[in-house]
>>> print(open('target07.cif').read())   # mmCIF, C-alpha atoms
data_target
#
loop_
_atom_site.label_atom_id
_atom_site.label_comp_id
_atom_site.auth_asym_id
_atom_site.auth_seq_id
_atom_site.Cartn_x
_atom_site.Cartn_y
_atom_site.Cartn_z
CA MET A 102 1.46 13.21 24.86
CA ARG A 103 1.27 14.95 21.49
CA LEU A 104 3.79 15.07 18.64
CA ARG A 105 3.78 18.66 17.39
CA ARG A 106 6.76 18.96 15.05
CA LEU A 107 8.76 16.38 13.12
CA THR A 108 11.74 16.61 10.77
CA LEU A 109 13.14 13.63 8.87
CA GLN A 110 16.27 13.55 6.75
CA ASN A 111 17.69 10.68 4.70
CA LEU A 112 15.51 8.01 6.30
CA ARG A 113 14.55 5.17 3.96
CA ASN A 114 13.13 6.89 0.84
CA ILE A 115 12.53 10.24 2.57
CA PRO A 116 15.25 12.78 1.63
CA LEU A 117 13.76 15.60 3.71
CA ALA A 118 10.35 16.13 5.26
CA GLU A 119 9.11 18.65 7.82
CA PHE A 120 5.77 18.53 9.60
CA SER A 121 3.85 20.72 11.99
CA PHE A 122 0.84 18.97 13.56
CA SER A 123 -1.92 21.00 15.21
CA GLY A 124 -4.75 18.51 15.61
CA ARG A 125 -4.88 15.06 17.14
CA GLN A 126 -5.51 13.07 13.94
CA GLN A 127 -3.11 12.96 10.99
CA PHE A 128 -3.65 10.76 7.92
CA PHE A 129 -1.04 9.93 5.30
CA VAL A 130 -2.60 8.70 2.07
CA GLY A 131 -0.96 7.30 -1.03
CA ALA A 132 -0.17 4.19 -3.01
CA ASN A 133 1.87 1.40 -1.47
CA GLY A 134 5.64 1.80 -1.40
CA GLN A 135 5.64 5.61 -1.30
CA GLY A 136 6.95 6.19 2.24
CA LYS A 137 3.91 6.12 4.54
CA THR A 138 5.18 3.28 6.74
CA ASN A 139 8.68 4.80 6.71
CA LEU A 140 7.25 7.88 8.40
CA LEU A 141 5.55 5.84 11.14
CA GLU A 142 8.71 3.79 11.57
CA ALA A 143 10.66 6.99 12.27
CA VAL A 144 8.09 8.24 14.80
CA GLY A 145 8.00 4.84 16.54
CA PHE A 146 11.80 4.83 16.77
CA VAL A 147 11.72 7.45 19.53
CA THR A 148 10.10 4.98 21.95
CA ALA A 149 12.73 2.24 22.21
CA LEU A 150 15.41 3.42 19.73
CA ARG A 151 14.58 0.47 17.51
CA SER A 152 12.42 -0.08 14.48
CA PHE A 153 9.19 -2.06 14.58
CA ARG A 154 10.17 -3.47 11.16
CA THR A 155 13.81 -4.53 11.46
CA ALA A 156 16.50 -5.21 14.04
CA ASP A 157 19.15 -3.61 11.80
CA THR A 158 19.04 0.13 12.46
CA SER A 159 21.40 0.87 9.57
CA LEU A 160 18.62 -0.11 7.15
CA LEU A 161 16.74 3.05 8.11
CA ILE A 162 19.46 5.22 6.54
CA ALA A 163 18.70 6.20 2.95
CA GLN A 164 20.64 4.19 0.40
CA GLY A 165 23.94 5.83 -0.49
CA LYS A 166 23.89 8.18 2.54
CA LYS A 167 26.28 8.03 5.49
CA GLU A 168 23.69 9.06 8.07
CA GLY A 169 20.05 9.81 8.63
CA ALA A 170 18.36 11.93 11.27
CA LEU A 171 15.06 12.81 12.87
CA ALA A 172 13.99 15.56 15.24
CA ALA A 173 10.71 15.43 17.14
CA GLU A 174 9.04 17.96 19.43
CA PHE A 175 6.46 16.77 21.94
CA GLU A 176 4.02 18.16 24.43
CA HIS A 177 4.49 15.78 27.34
CA GLU A 178 2.34 15.26 30.44
CA VAL A 179 5.38 14.72 32.68
CA PHE A 180 8.33 16.49 31.04
CA GLY A 181 6.53 19.38 29.38
CA PRO A 182 7.72 20.59 25.96
CA SER A 183 10.49 18.20 24.87
CA ARG A 184 12.73 17.87 21.83
CA VAL A 185 14.43 14.65 20.74
CA VAL A 186 17.13 14.50 18.07
CA ILE A 187 18.37 11.13 16.79
CA THR A 188 21.23 10.70 14.33
CA LEU A 189 21.70 7.27 12.77
CA ARG A 190 25.02 6.11 11.36
CA THR A 191 26.13 2.71 10.10
CA GLY A 192 28.20 2.31 13.26
CA GLY A 193 25.52 3.33 15.77
CA LYS A 194 23.28 6.20 16.81
CA GLU A 195 23.43 9.42 18.79
CA VAL A 196 20.46 10.61 20.82
CA THR A 197 19.86 13.90 22.59
CA CYS A 198 16.84 14.98 24.60
CA ASP A 199 16.46 18.69 25.26
CA GLY A 200 20.13 19.12 24.38
CA GLU A 201 21.37 16.42 26.77
CA ARG A 202 23.04 13.39 25.25
CA ILE A 203 21.49 10.01 26.15
CA THR A 204 24.11 7.35 26.89
CA ARG A 205 21.97 4.59 28.47
CA LEU A 206 18.88 3.06 26.89
CA ALA A 207 17.34 2.59 30.34
CA ASP A 208 17.34 6.38 30.81
CA PHE A 209 15.31 6.87 27.64
CA LEU A 210 13.23 3.76 27.01
CA GLY A 211 9.50 4.47 27.16
CA ARG A 212 9.85 8.18 27.92
CA PHE A 213 8.07 9.02 24.65
CA PRO A 214 5.70 6.07 24.19
CA THR A 215 4.12 5.13 20.89
CA VAL A 216 2.05 2.05 20.07
CA VAL A 217 2.04 0.66 16.54
CA PHE A 218 -1.03 -0.98 15.01
CA SER A 219 0.22 -2.80 11.94
CA SER A 220 -1.23 -5.16 9.36
CA GLN A 221 1.69 -7.44 10.26
CA ASP A 222 0.34 -7.83 13.80
CA GLN A 223 -1.58 -10.93 12.72
CA GLN A 224 1.70 -12.78 13.32
CA LEU A 225 1.26 -12.15 17.04
CA ILE A 226 -1.44 -14.80 16.82
CA ARG A 227 -0.17 -17.02 14.02
CA GLY A 228 3.59 -16.65 14.34
CA ALA A 229 6.35 -18.05 16.54
CA PRO A 230 6.50 -17.57 20.34
CA ALA A 231 9.43 -15.17 19.89
CA LEU A 232 7.04 -12.58 18.42
CA ARG A 233 4.70 -12.77 21.40
CA ARG A 234 7.65 -12.57 23.83
CA ARG A 235 8.91 -9.49 22.02
CA TRP A 236 5.49 -7.84 22.31
CA LEU A 237 5.36 -8.63 26.03
CA ASP A 238 8.93 -7.45 26.65
CA LEU A 239 8.33 -4.13 24.88
CA ALA A 240 5.00 -3.63 26.66
CA LEU A 241 6.53 -4.17 30.11
CA ALA A 242 10.11 -2.88 29.72
CA GLY A 243 8.86 0.54 28.62
CA THR A 244 7.05 1.07 31.93
CA ASP A 245 9.19 -0.93 34.38
CA ARG A 246 12.94 -0.39 34.64
CA ALA A 247 13.29 -3.44 36.92
CA TYR A 248 11.80 -5.57 34.15
CA LEU A 249 14.27 -4.18 31.61
CA ASP A 250 17.12 -4.87 34.04
CA ALA A 251 16.02 -8.48 34.60
CA LEU A 252 15.59 -9.03 30.86
CA THR A 253 19.03 -7.58 30.09
CA ARG A 254 20.75 -9.58 32.83
CA TYR A 255 19.05 -12.79 31.77
CA HIS A 256 20.07 -12.56 28.12
CA ARG A 257 23.61 -11.55 29.01
CA ALA A 258 23.97 -14.55 31.33
CA LEU A 259 22.24 -16.83 28.80
CA GLU A 260 24.71 -15.81 26.10
CA GLY A 261 27.60 -16.62 28.45
CA ARG A 262 26.20 -20.05 29.29
CA ASN A 263 25.61 -20.85 25.62
CA GLN A 264 29.20 -19.99 24.80
CA LEU A 265 30.36 -22.42 27.50
CA LEU A 266 28.01 -25.11 26.18
CA LYS A 267 29.43 -24.71 22.68
CA ARG A 268 32.95 -25.38 23.90
CA GLN A 269 31.82 -28.19 26.21
CA ALA A 270 32.94 -26.50 29.43
CA GLY A 271 33.15 -28.43 32.69
CA ALA A 272 30.52 -28.61 35.41
CA ALA A 273 32.24 -26.15 37.75
CA GLU A 274 32.53 -23.46 35.10
CA LEU A 275 28.93 -23.93 33.99
CA ALA A 276 27.71 -23.80 37.57
CA ALA A 277 29.44 -20.45 38.04
CA PHE A 278 27.55 -19.01 35.05
CA GLU A 279 24.26 -20.61 36.03
CA ALA A 280 24.14 -18.75 39.35
CA PRO A 281 23.55 -15.27 37.82
CA LEU A 282 21.40 -16.87 35.12
CA ALA A 283 19.15 -18.38 37.78
CA GLU A 284 18.86 -15.06 39.64
CA ALA A 285 17.83 -13.27 36.45
CA ALA A 286 15.47 -16.08 35.40
CA ALA A 287 13.70 -15.87 38.75
CA ALA A 288 13.29 -12.11 38.47
CA LEU A 289 12.19 -12.24 34.83
CA SER A 290 9.69 -15.07 35.17
CA SER A 291 8.16 -13.43 38.24
CA ALA A 292 7.89 -10.07 36.44
CA ARG A 293 6.34 -11.69 33.38
CA SER A 294 3.79 -13.53 35.46
CA SER A 295 2.66 -10.39 37.27
CA GLY A 296 2.88 -8.31 34.09
CA VAL A 297 0.58 -10.63 32.18
CA GLN A 298 -1.88 -10.59 35.08
CA THR A 299 -1.93 -6.80 34.74
CA LEU A 300 -2.32 -6.82 30.96
CA ALA A 301 -4.91 -9.62 30.77
CA PRO A 302 -7.95 -7.59 31.96
CA HIS A 303 -7.09 -4.85 29.45
CA VAL A 304 -6.98 -7.43 26.64
CA SER A 305 -10.33 -8.91 27.67
CA ALA A 306 -11.98 -5.48 27.94
CA ALA A 307 -10.61 -4.28 24.61
CA TYR A 308 -11.69 -7.44 22.82
CA ALA A 309 -15.18 -7.16 24.30
CA ALA A 310 -15.44 -3.60 22.96
CA LEU A 311 -14.20 -4.59 19.49
CA SER A 312 -16.39 -7.69 19.19
CA ALA A 313 -19.50 -6.22 20.79
CA ASP A 314 -19.23 -8.87 23.52
CA ALA A 315 -19.59 -11.68 20.98
CA GLU A 316 -17.34 -14.01 23.00
CA PRO A 317 -14.66 -13.64 25.72
CA ALA A 318 -10.92 -13.40 24.99
CA THR A 319 -8.13 -14.22 27.44
CA LEU A 320 -4.39 -13.75 27.77
CA ALA A 321 -2.27 -16.01 30.00
CA TYR A 322 1.43 -16.52 30.72
CA GLU A 323 2.71 -19.84 29.39
CA ALA A 324 6.10 -20.41 31.02
CA ASP A 325 8.50 -22.78 29.28
CA ALA A 326 9.62 -23.94 32.71
CA ALA A 327 8.38 -22.95 36.15
CA PRO A 328 10.57 -24.51 38.82
CA GLY A 329 9.41 -21.85 41.23
CA THR A 330 8.97 -18.71 39.12
CA GLY A 331 10.68 -16.28 41.50
CA ASP A 332 12.84 -18.90 43.28
CA ALA A 333 16.50 -18.55 42.20
CA ASP A 334 17.53 -21.78 43.93
CA ALA A 335 14.87 -23.71 42.04
CA TRP A 336 16.05 -22.19 38.77
CA ARG A 337 19.65 -23.07 39.58
CA ALA A 338 18.62 -26.68 40.14
CA HIS A 339 16.64 -26.60 36.89
CA PHE A 340 19.61 -25.46 34.82
CA GLU A 341 21.82 -28.06 36.46
CA LYS A 342 19.27 -30.76 35.65
CA CYS A 343 19.12 -29.62 32.02
CA ARG A 344 22.90 -29.47 31.70
CA PRO A 345 23.51 -32.94 30.11
CA ARG A 346 20.97 -32.34 27.34
CA ASP A 347 22.10 -28.76 26.81
CA LEU A 348 25.72 -29.93 26.46
CA GLN A 349 24.59 -32.44 23.86
CA PHE A 350 22.81 -29.75 21.80
CA ARG A 351 25.37 -27.03 22.70
CA ALA A 352 22.57 -24.59 23.62
CA SER A 353 20.23 -23.76 26.50
CA LEU A 354 16.98 -25.46 25.53
CA SER A 355 14.85 -24.39 28.50
CA GLY A 356 14.17 -21.16 30.34
CA PRO A 357 12.34 -17.82 30.05
CA HIS A 358 13.83 -17.32 26.56
CA ARG A 359 11.34 -19.98 25.40
CA ASP A 360 8.25 -18.63 27.19
CA ASP A 361 4.99 -18.08 25.31
CA LEU A 362 1.60 -16.45 25.75
CA ALA A 363 -1.69 -18.33 25.55
CA LEU A 364 -4.28 -16.35 23.57
CA LYS A 365 -7.81 -17.72 23.57
CA VAL A 366 -11.15 -16.67 22.10
CA GLY A 367 -14.28 -18.33 23.41
CA GLY A 368 -12.12 -20.64 25.52
CA ARG A 369 -10.20 -22.06 22.54
CA ALA A 370 -6.74 -21.28 21.16
CA ALA A 371 -7.07 -18.28 18.85
CA ARG A 372 -4.25 -19.51 16.63
CA ASP A 373 -5.93 -22.82 15.85
CA TYR A 374 -9.63 -22.04 16.09
CA GLY A 375 -10.09 -18.29 15.77
CA SER A 376 -11.77 -16.94 12.64
CA GLU A 377 -10.10 -14.21 10.56
CA GLY A 378 -12.29 -11.58 12.22
CA GLN A 379 -11.67 -12.91 15.71
CA GLN A 380 -7.91 -12.94 15.17
CA ARG A 381 -7.94 -9.37 13.82
CA SER A 382 -9.94 -8.20 16.83
CA LEU A 383 -7.60 -9.99 19.21
CA VAL A 384 -4.39 -8.44 17.83
CA LEU A 385 -6.02 -5.01 18.04
CA ALA A 386 -6.99 -5.84 21.63
CA LEU A 387 -3.34 -6.65 22.43
CA ARG A 388 -2.27 -3.23 21.17
CA LEU A 389 -5.10 -1.45 22.97
CA ALA A 390 -4.08 -3.25 26.16
CA GLN A 391 -0.57 -1.91 25.64
CA VAL A 392 -2.01 1.61 25.34
CA ALA A 393 -4.06 1.24 28.53
CA HIS A 394 -1.10 -0.23 30.44
CA ILE A 395 1.21 2.64 29.47
CA ARG A 396 -1.37 5.21 30.51
CA ALA A 397 -2.09 3.49 33.84
CA SER A 398 1.58 2.90 34.68
CA THR A 399 3.13 6.21 33.64
CA GLY A 400 0.34 8.75 33.36
CA VAL A 401 1.44 9.38 29.76
CA GLN A 402 -0.92 8.99 26.81
CA PRO A 403 1.04 7.29 23.99
CA VAL A 404 0.89 8.43 20.38
CA LEU A 405 -0.88 5.80 18.27
CA LEU A 406 0.54 4.76 14.90
CA ALA A 407 -1.99 2.92 12.72
CA ASP A 408 -0.27 1.50 9.65
CA ASP A 409 -2.82 0.58 6.96
CA VAL A 410 -5.14 -0.94 9.58
CA LEU A 411 -8.46 0.75 8.82
CA GLY A 412 -8.76 -0.70 5.32
CA GLU A 413 -8.52 -4.25 6.65
CA LEU A 414 -11.51 -3.95 8.99
CA ASP A 415 -15.16 -4.31 8.08
CA PRO A 416 -17.25 -1.16 8.73
CA ALA A 417 -18.63 -2.37 12.08
CA ARG A 418 -15.23 -3.36 13.47
CA ARG A 419 -13.72 -0.14 12.12
CA ARG A 420 -16.24 1.95 14.04
CA ARG A 421 -15.74 -0.03 17.24
CA PHE A 422 -11.94 0.14 16.89
CA TRP A 423 -12.03 3.90 16.48
CA ALA A 424 -14.35 4.30 19.45
CA ALA A 425 -11.94 2.19 21.53
CA LEU A 426 -9.04 4.52 20.72
CA GLY A 427 -10.73 7.32 22.66
CA GLU A 428 -10.92 11.02 21.91
CA ASP A 429 -7.87 12.24 23.82
CA ARG A 430 -5.13 10.32 21.99
CA GLN A 431 -3.14 11.47 18.99
CA VAL A 432 -3.36 9.12 16.01
CA LEU A 433 -1.09 9.05 12.97
CA ALA A 434 -2.65 6.72 10.40
CA THR A 435 -1.84 5.57 6.88
CA GLY A 436 -3.90 4.16 4.05
CA THR A 437 -4.34 4.01 0.30
CA GLU A 438 -7.72 5.75 0.57
CA LEU A 439 -9.05 8.52 2.80
CA PRO A 440 -10.77 7.46 6.03
CA ASP A 441 -14.52 7.46 6.55
CA ALA A 442 -16.09 10.79 7.47
CA GLU A 443 -17.55 9.28 10.64
CA LEU A 444 -14.03 8.83 12.01
CA GLY A 445 -13.67 12.57 12.49
CA ALA A 446 -11.65 15.40 10.95
CA TRP A 447 -8.02 14.79 9.98
CA GLU A 448 -4.96 16.66 8.83
CA ILE A 449 -4.24 15.05 5.48
CA PHE A 450 -0.88 14.51 3.80
CA ARG A 451 -0.57 13.08 0.30
CA VAL A 452 2.46 10.79 -0.03
CA ALA A 453 4.36 10.05 -3.25
CA GLY A 454 7.97 9.00 -3.69
CA GLY A 455 9.00 9.98 -0.17
CA ALA A 456 7.46 13.46 -0.49
CA PHE A 457 4.59 14.64 1.71
CA THR A 458 2.12 17.28 0.53
CA PRO A 459 -0.26 18.70 3.16
CA GLU A 460 -3.90 19.38 2.39
CA ASN A 461 -6.51 21.35 4.27
CA ALA A 462 -8.27 19.64 7.16
CA ILE A 463 -10.54 17.10 5.63
CA PRO A 464 -13.95 16.33 5.09
CA SER A 465 -13.03 12.63 4.94
CA ALA A 466 -14.36 10.21 2.35
CA PRO A 467 -18.08 9.42 2.48
CA ALA A 468 -19.04 6.66 4.88
CA PRO A 469 -19.93 3.32 3.22
#
>>> encode(input="target07.cif", output="structure tokens")
Amino acid sequence: MRLRRLTLQNLRNIPLAEFSFSGRQQFFVGANGQGKTNLLEAVGFVTALRSFRTADTSLLIAQGKKEGALAAEFEHEVFGPSRVVITLRTGGKEVTCDGERITRLADFLGRFPTVVFSSQDQQLIRGAPALRRRWLDLALAGTDRAYLDALTRYHRALEGRNQLLKRQAGAAELAAFEAPLAEAAAALSSARSSGVQTLAPHVSAAYAALSADAEPATLAYEADAAPGTGDADAWRAHFEKCRPRDLQFRASLSGPHRDDLALKVGGRAARDYGSEGQQRSLVLALRLAQVAHIRASTGVQPVLLADDVLGELDPARRRRFWAALGEDRQVLATGTELPDAELGAWEIFRVAGGAFTPENAIPSAPAP
């Protein structure tokens, strides 16, 4: 898939910007705080209709404006030439694809895949389990509608059970809510288990390429509770067993909403024992695994969004990372300095105060 045209209006600090991309590599260069990440945020929004920076969509609208909008034109392997228009308002959003209004997220999610490589990705290693669950959910929901359905059903049922726990509902009422919760938990835990098994080889292969086979890296599913993974009856019994404690704390303290991922380098937990370089390579491997999974599952090559990543890598890792991206994927990258010449020719855009000024195709900066 290739992004060929993009128009942004009243998004963050960007009043109006129009782009026409002809090549496969675009680089946006400028000082921090000028709007480079805002551009990538807008492009990434077309994948899941959510920002990779915030859960509050209204924050994308320029301050003092009632709405913001973006229009994107793609060359797509499956759908051919496609045009997406998204209008954001404080009360919600309106999405059209080729003139047809989208009313269900499931009909749109993952149709135009992007994968973001961000300097904030280090938190996938160091941060809370919720961040790793979110990465896994986005990686799998965008390629598997059944996964999205199980995830949606589980969280809807979980919210209902938690409301009952807060008002100290009786056993019969809780049991009635635990039945659909157990069905969704069984489906979700089973899908996560198989999904991680699919992603794990991609993570290992990507890490090997980035580290020059220095040591192995592994990804494994770490279920909070596994009474039978895909067994709804076992899950129902589990929730019933947990009921007294959950009533005491007025919340569901066990289930797939507390799952985690085990990330190891050289057989040891990357969070506790991985060096800075090992952790950086591992988070890049997670994103590269996401890219490979999307391509294998859908036949669509995602657009890659690299937000200030190149400057954080040493020259050797930078070269290996770029080689791992492949030569048939579009990359939109940002940085405060131009990329090395050895990373190929780019379309360059200078960024200042939310304005984007195109330059001729580059002879990039000299290699170190």
>>> resolve_selection(input="target07.cif", expression="the PyMOL selection byres ((chain A and resi 447) around 12)", output="compact mmCIF listing (two decimals) with C-alpha atoms, in the coordinates of the input")
# COMPACT_ATOMS: atom_id res chain seq x y z
CA PHE A 122 0.84 18.97 13.56
CA SER A 123 -1.92 21.00 15.21
CA GLY A 124 -4.75 18.51 15.61
CA ARG A 125 -4.88 15.06 17.14
CA GLN A 126 -5.51 13.07 13.94
CA GLN A 127 -3.11 12.96 10.99
CA PHE A 128 -3.65 10.76 7.92
CA PHE A 129 -1.04 9.93 5.30
CA VAL A 130 -2.60 8.70 2.07
CA GLN A 431 -3.14 11.47 18.99
CA VAL A 432 -3.36 9.12 16.01
CA LEU A 433 -1.09 9.05 12.97
CA ALA A 434 -2.65 6.72 10.40
CA THR A 435 -1.84 5.57 6.88
CA LEU A 439 -9.05 8.52 2.80
CA PRO A 440 -10.77 7.46 6.03
CA ASP A 441 -14.52 7.46 6.55
CA ALA A 442 -16.09 10.79 7.47
CA GLU A 443 -17.55 9.28 10.64
CA LEU A 444 -14.03 8.83 12.01
CA GLY A 445 -13.67 12.57 12.49
CA ALA A 446 -11.65 15.40 10.95
CA GLU A 448 -4.96 16.66 8.83
CA ILE A 449 -4.24 15.05 5.48
CA PHE A 450 -0.88 14.51 3.80
CA PRO A 459 -0.26 18.70 3.16
CA GLU A 460 -3.90 19.38 2.39
CA ASN A 461 -6.51 21.35 4.27
CA ALA A 462 -8.27 19.64 7.16
CA ILE A 463 -10.54 17.10 5.63
CA PRO A 464 -13.95 16.33 5.09
CA SER A 465 -13.03 12.63 4.94
CA ALA A 466 -14.36 10.21 2.35
>>> atom_distance(input="target07.cif", atom1="atom CA of Ala390 of chain A", atom2="atom CA of Ala417 of chain A")
20.3 Å
>>> atom_distance(input="target07.cif", atom1="atom CA of Gln135 of chain A", atom2="atom CA of Ala172 of chain A")
21.0 Å
>>> residues_around(input="target07.cif", residues="Ala285 of chain A", least_positions_apart="2", cutoff="7 Å", atoms="all atoms listed in the file", output="PyMOL selection string")
chain A and resi 251+254-255+281-283+287-289
>>> atom_distance(input="target07.cif", atom1="atom CA of Gly145 of chain A", atom2="atom CA of Gly192 of chain A")
20.6 Å
>>> residues_around(input="target07.cif", residues="Ile203 of chain A", least_positions_apart="5", cutoff="12 Å", atoms="only C-alpha atoms", output="ChimeraX atom specification")
/A:150,185-188,194-198,208-210,212
>>> closest_residue(input="target07.cif", among="A:Ala333, A:Leu348, A:Val404, A:Ala307", to="Phe422 of chain A", atoms="all atoms listed in the file")
A:Ala307
>>> resolve_selection(input="target07.cif", expression="the PyMOL selection byres ((chain A and resi 220) around 7)", output="NGL selection string")
:A and (219 or 221-223 or 408-410)
>>> resolve_selection(input="target07.cif", expression="the PyMOL selection byres ((chain A and resi 362-370) around 6)", output="VMD selection string")
chain A and resid 316 to 323 361 371 to 374
>>> closest_residue(input="target07.cif", among="A:Met102, A:Leu406, A:Leu411, A:Ala229", to="Arg381 of chain A", atoms="all atoms listed in the file")
A:Leu411
>>> closest_atom_pairs(input="target07.cif", of="segment 289-379 of chain A", to="segment 258-275 of chain A", cutoff="12 Å", atoms="all atoms listed in the file", output="JSON lines")
{"residue": "A:Arg337", "atom": "CA", "partner": "A:Leu275", "partner_atom": "CA", "distance": 10.9}
{"residue": "A:Phe340", "atom": "CA", "partner": "A:Leu275", "partner_atom": "CA", "distance": 9.5}
{"residue": "A:Glu341", "atom": "CA", "partner": "A:Leu275", "partner_atom": "CA", "distance": 8.6}
{"residue": "A:Lys342", "atom": "CA", "partner": "A:Ala272", "partner_atom": "CA", "distance": 11.5}
{"residue": "A:Cys343", "atom": "CA", "partner": "A:Leu275", "partner_atom": "CA", "distance": 11.5}
{"residue": "A:Arg344", "atom": "CA", "partner": "A:Leu275", "partner_atom": "CA", "distance": 8.5}
{"residue": "A:Pro345", "atom": "CA", "partner": "A:Ala272", "partner_atom": "CA", "distance": 9.8}
{"residue": "A:Arg346", "atom": "CA", "partner": "A:Leu266", "partner_atom": "CA", "distance": 10.2}
{"residue": "A:Asp347", "atom": "CA", "partner": "A:Leu266", "partner_atom": "CA", "distance": 7.0}
{"residue": "A:Leu348", "atom": "CA", "partner": "A:Leu266", "partner_atom": "CA", "distance": 5.3}
{"residue": "A:Gln349", "atom": "CA", "partner": "A:Leu266", "partner_atom": "CA", "distance": 8.4}
{"residue": "A:Phe350", "atom": "CA", "partner": "A:Leu266", "partner_atom": "CA", "distance": 8.2}
{"residue": "A:Arg351", "atom": "CA", "partner": "A:Lys267", "partner_atom": "CA", "distance": 4.7}
{"residue": "A:Ala352", "atom": "CA", "partner": "A:Asn263", "partner_atom": "CA", "distance": 5.2}
{"residue": "A:Ser353", "atom": "CA", "partner": "A:Asn263", "partner_atom": "CA", "distance": 6.2}
{"residue": "A:Leu354", "atom": "CA", "partner": "A:Asn263", "partner_atom": "CA", "distance": 9.8}
{"residue": "A:Ser355", "atom": "CA", "partner": "A:Leu259", "partner_atom": "CA", "distance": 10.6}
{"residue": "A:Gly356", "atom": "CA", "partner": "A:Leu259", "partner_atom": "CA", "distance": 9.3}
{"residue": "A:Pro357", "atom": "CA", "partner": "A:Leu259", "partner_atom": "CA", "distance": 10.0}
{"residue": "A:His358", "atom": "CA", "partner": "A:Leu259", "partner_atom": "CA", "distance": 8.7}
{"residue": "A:Arg359", "atom": "CA", "partner": "A:Leu259", "partner_atom": "CA", "distance": 11.8}
>>> write_last_selection(input="target07.cif", atoms="C-alpha atoms", output="CSV table (one decimal), in the coordinates of the input")
chain,number,residue,atom,x,y,z
A,337,ARG,CA,19.6,-23.1,39.6
A,340,PHE,CA,19.6,-25.5,34.8
A,341,GLU,CA,21.8,-28.1,36.5
A,342,LYS,CA,19.3,-30.8,35.6
A,343,CYS,CA,19.1,-29.6,32.0
A,344,ARG,CA,22.9,-29.5,31.7
A,345,PRO,CA,23.5,-32.9,30.1
A,346,ARG,CA,21.0,-32.3,27.3
A,347,ASP,CA,22.1,-28.8,26.8
A,348,LEU,CA,25.7,-29.9,26.5
A,349,GLN,CA,24.6,-32.4,23.9
A,350,PHE,CA,22.8,-29.8,21.8
A,351,ARG,CA,25.4,-27.0,22.7
A,352,ALA,CA,22.6,-24.6,23.6
A,353,SER,CA,20.2,-23.8,26.5
A,354,LEU,CA,17.0,-25.5,25.5
A,355,SER,CA,14.8,-24.4,28.5
A,356,GLY,CA,14.2,-21.2,30.3
A,357,PRO,CA,12.3,-17.8,30.0
A,358,HIS,CA,13.8,-17.3,26.6
A,359,ARG,CA,11.3,-20.0,25.4
>>> closest_residue(input="target07.cif", among="A:Thr253, A:Ser121, A:Gln110, A:Thr330", to="Arg293 of chain A", atoms="all atoms listed in the file")
A:Thr330
>>> axis_aligned_box(input="target07.cif", around="segment 118-128 of chain A", padding_each_side="4 Å", output="JSON")
{"center_x": 2.4, "center_y": 15.9, "center_z": 11.2, "size_x": 23.9, "size_y": 18.2, "size_z": 19.9}
>>> residues_around(input="target07.cif", residues="segment 161-164 of chain A", least_positions_apart="6", cutoff="8 Å", atoms="all atoms listed in the file", output="PyMOL selection string")
chain A and resi 111-116+189-191
>>> residues_around(input="target07.cif", residues="Arg430 of chain A", least_positions_apart="4", cutoff="12 Å", atoms="only C-alpha atoms", output="list in words")
Met102, Arg103, Leu104, Gly124, Arg125, Gln126, Gln127, Pro214, Thr215, Val216, Leu389, Val392, Ala393, Arg396, Val401, Gln402, Pro403, Val404, Leu405, Leu406, Trp423, Ala424, Ala425 and Leu426 of chain A
>>> closest_residue(input="target07.cif", among="A:Leu311, A:Ala156, A:Val304, A:Ala173", to="Arg418 of chain A", atoms="only C-alpha atoms")
A:Leu311
>>> residues_around(input="target07.cif", residues="Val452 of chain A", least_positions_apart="4", cutoff="6 Å", atoms="all atoms listed in the file", output="VMD selection string")
chain A and resid 130 to 131 456 to 457
>>> closest_residue(input="target07.cif", among="A:Leu249, A:Ala309, A:Ala170, A:Leu160", to="Glu119 of chain A", atoms="only C-alpha atoms")
A:Ala170
>>> closest_residue(input="target07.cif", among="A:Leu109, A:Asp199, A:Asp250, A:Thr204", to="Pro182 of chain A", atoms="only C-alpha atoms")
A:Asp199
